Amino acid sequence: MGFREQLKAARRNMHYTQQQVADQMGITKSTYCGYETGKRQPDVEKIKQLANILQTSGDVLLETGFSPKPDAKFDEALTIFKSLRPEFQDYALEQLKKLAQLQEKG
């Protein structure tokens with residue numbers, strides 16, 4: 001997938017219309033549409049803005065391959081967290097917050 005496909009996928013993932021993204025960027029819908037069709041290329045500032053609006057990274061949109069490698073410990077913790085019942089997820093989250101506070105103090 002190229003930039004335009006990544007952009008379209010990210011927009012759809014957020015359930016935004018082209019008009020909604022264009023409005024948030026302060027550009028016309030036709031300008032934004034040009035990004036998705038490949039008729040226009042956004043500058044660096046616009047790519048940053050797109051990444052922020054679509055809650056992704058420029059690396060993902062541009063497919064640079066510089067995105068961080070998956071963290072095995074994080075993936076394991078997330079898998080365990082997701083397997084917990086909701087009441088245990090609440091408890092686990094509170095414990096993680098306490099650990100983060102302890103780390104900040106120390």
# chains A, B, ... in the order shown; residues from 1 in each chain; ligands from 1

call {"tool": "residues_around", "arguments": {"residues": "A:Gly2", "least_positions_apart": "4", "cutoff": "9 Å", "atoms": "only C-alpha atoms", "output": "number ranges by chain"}}
result
A: 6-7, 61-63

call {"tool": "write_last_selection", "arguments": {"atoms": "C-alpha atoms", "output": "compact mmCIF listing (two decimals), in the first residue's frame"}}
result
# COMPACT_ATOMS: atom_id res chain seq x y z
CA GLN A 6 -2.63 4.20 3.97
CA LEU A 7 -4.28 7.61 4.32
CA LEU A 61 1.26 6.85 6.44
CA LEU A 62 4.51 7.05 4.49
CA GLU A 63 5.50 3.41 5.05

call {"tool": "residues_around", "arguments": {"residues": "stretch 48-57 of chain A", "least_positions_apart": "2", "cutoff": "8 Å", "atoms": "only C-alpha atoms", "output": "PDB file with N, CA and C atoms, in the first residue's frame"}}
result
ATOM      1  N   ALA A  10      -6.508   4.803   7.163  1.00  0.00           N
ATOM      2  CA  ALA A  10      -6.472   5.460   8.476  1.00  0.00           C
ATOM      3  C   ALA A  10      -7.730   6.291   8.687  1.00  0.00           C
ATOM      4  N   ARG A  11      -8.174   6.985   7.642  1.00  0.00           N
ATOM      5  CA  ARG A  11      -9.401   7.798   7.752  1.00  0.00           C
ATOM      6  C   ARG A  11     -10.606   6.907   8.015  1.00  0.00           C
ATOM      7  N   MET A  14     -10.893   5.591  11.513  1.00  0.00           N
ATOM      8  CA  MET A  14     -11.409   6.584  12.466  1.00  0.00           C
ATOM      9  C   MET A  14     -12.885   6.916  12.197  1.00  0.00           C
ATOM     10  N   VAL A  21     -12.202  15.297   7.733  1.00  0.00           N
ATOM     11  CA  VAL A  21     -10.744  15.468   7.836  1.00  0.00           C
ATOM     12  C   VAL A  21     -10.345  16.813   7.252  1.00  0.00           C
ATOM     13  N   GLN A  24     -11.101  19.604   9.655  1.00  0.00           N
ATOM     14  CA  GLN A  24     -10.159  19.659  10.776  1.00  0.00           C
ATOM     15  C   GLN A  24      -8.809  20.223  10.348  1.00  0.00           C
ATOM     16  N   MET A  25      -8.456  20.014   9.082  1.00  0.00           N
ATOM     17  CA  MET A  25      -7.181  20.513   8.571  1.00  0.00           C
ATOM     18  C   MET A  25      -7.263  21.959   8.093  1.00  0.00           C
ATOM     19  N   VAL A  44       5.172  18.394   4.574  1.00  0.00           N
ATOM     20  CA  VAL A  44       5.510  17.755   5.848  1.00  0.00           C
ATOM     21  C   VAL A  44       4.570  18.185   6.962  1.00  0.00           C
ATOM     22  N   GLU A  45       4.256  19.454   7.029  1.00  0.00           N
ATOM     23  CA  GLU A  45       3.359  19.940   8.081  1.00  0.00           C
ATOM     24  C   GLU A  45       1.969  19.326   7.947  1.00  0.00           C
ATOM     25  N   LYS A  46       1.506  19.181   6.738  1.00  0.00           N
ATOM     26  CA  LYS A  46       0.187  18.574   6.515  1.00  0.00           C
ATOM     27  C   LYS A  46       0.213  17.089   6.885  1.00  0.00           C
ATOM     28  N   ASP A  59       5.198   7.741   9.944  1.00  0.00           N
ATOM     29  CA  ASP A  59       5.877   6.526   9.500  1.00  0.00           C
ATOM     30  C   ASP A  59       4.898   5.542   8.883  1.00  0.00           C
ATOM     31  N   VAL A  60       3.760   5.388   9.527  1.00  0.00           N
ATOM     32  CA  VAL A  60       2.736   4.465   9.018  1.00  0.00           C
ATOM     33  C   VAL A  60       2.180   4.989   7.703  1.00  0.00           C
ATOM     34  N   LEU A  61       1.826   6.277   7.662  1.00  0.00           N
ATOM     35  CA  LEU A  61       1.261   6.853   6.444  1.00  0.00           C
ATOM     36  C   LEU A  61       2.237   6.772   5.273  1.00  0.00           C
TER      37      LEU A  61
END

call {"tool": "select_by_dssp", "arguments": {"residues": "stretch 30-90 of chain A", "states": "helix (DSSP H, G or I)", "output": "ChimeraX atom specification"}}
result
/A:30-37,44-53,58-62,72-83,86-90

call {"tool": "closest_residue", "arguments": {"among": "A:Ile27, A:Cys33, A:Leu99, A:Leu93", "to": "A:Lys8", "atoms": "only C-alpha atoms"}}
result
A:Cys33

call {"tool": "atom_distance", "arguments": {"atom1": "atom CA of A:Gln89", "atom2": "atom CA of A:Ala77"}}
result
11.6 Å

call {"tool": "atom_distance", "arguments": {"atom1": "atom CA of A:Phe3", "atom2": "atom CA of A:Gly38"}}
result
8.2 Å
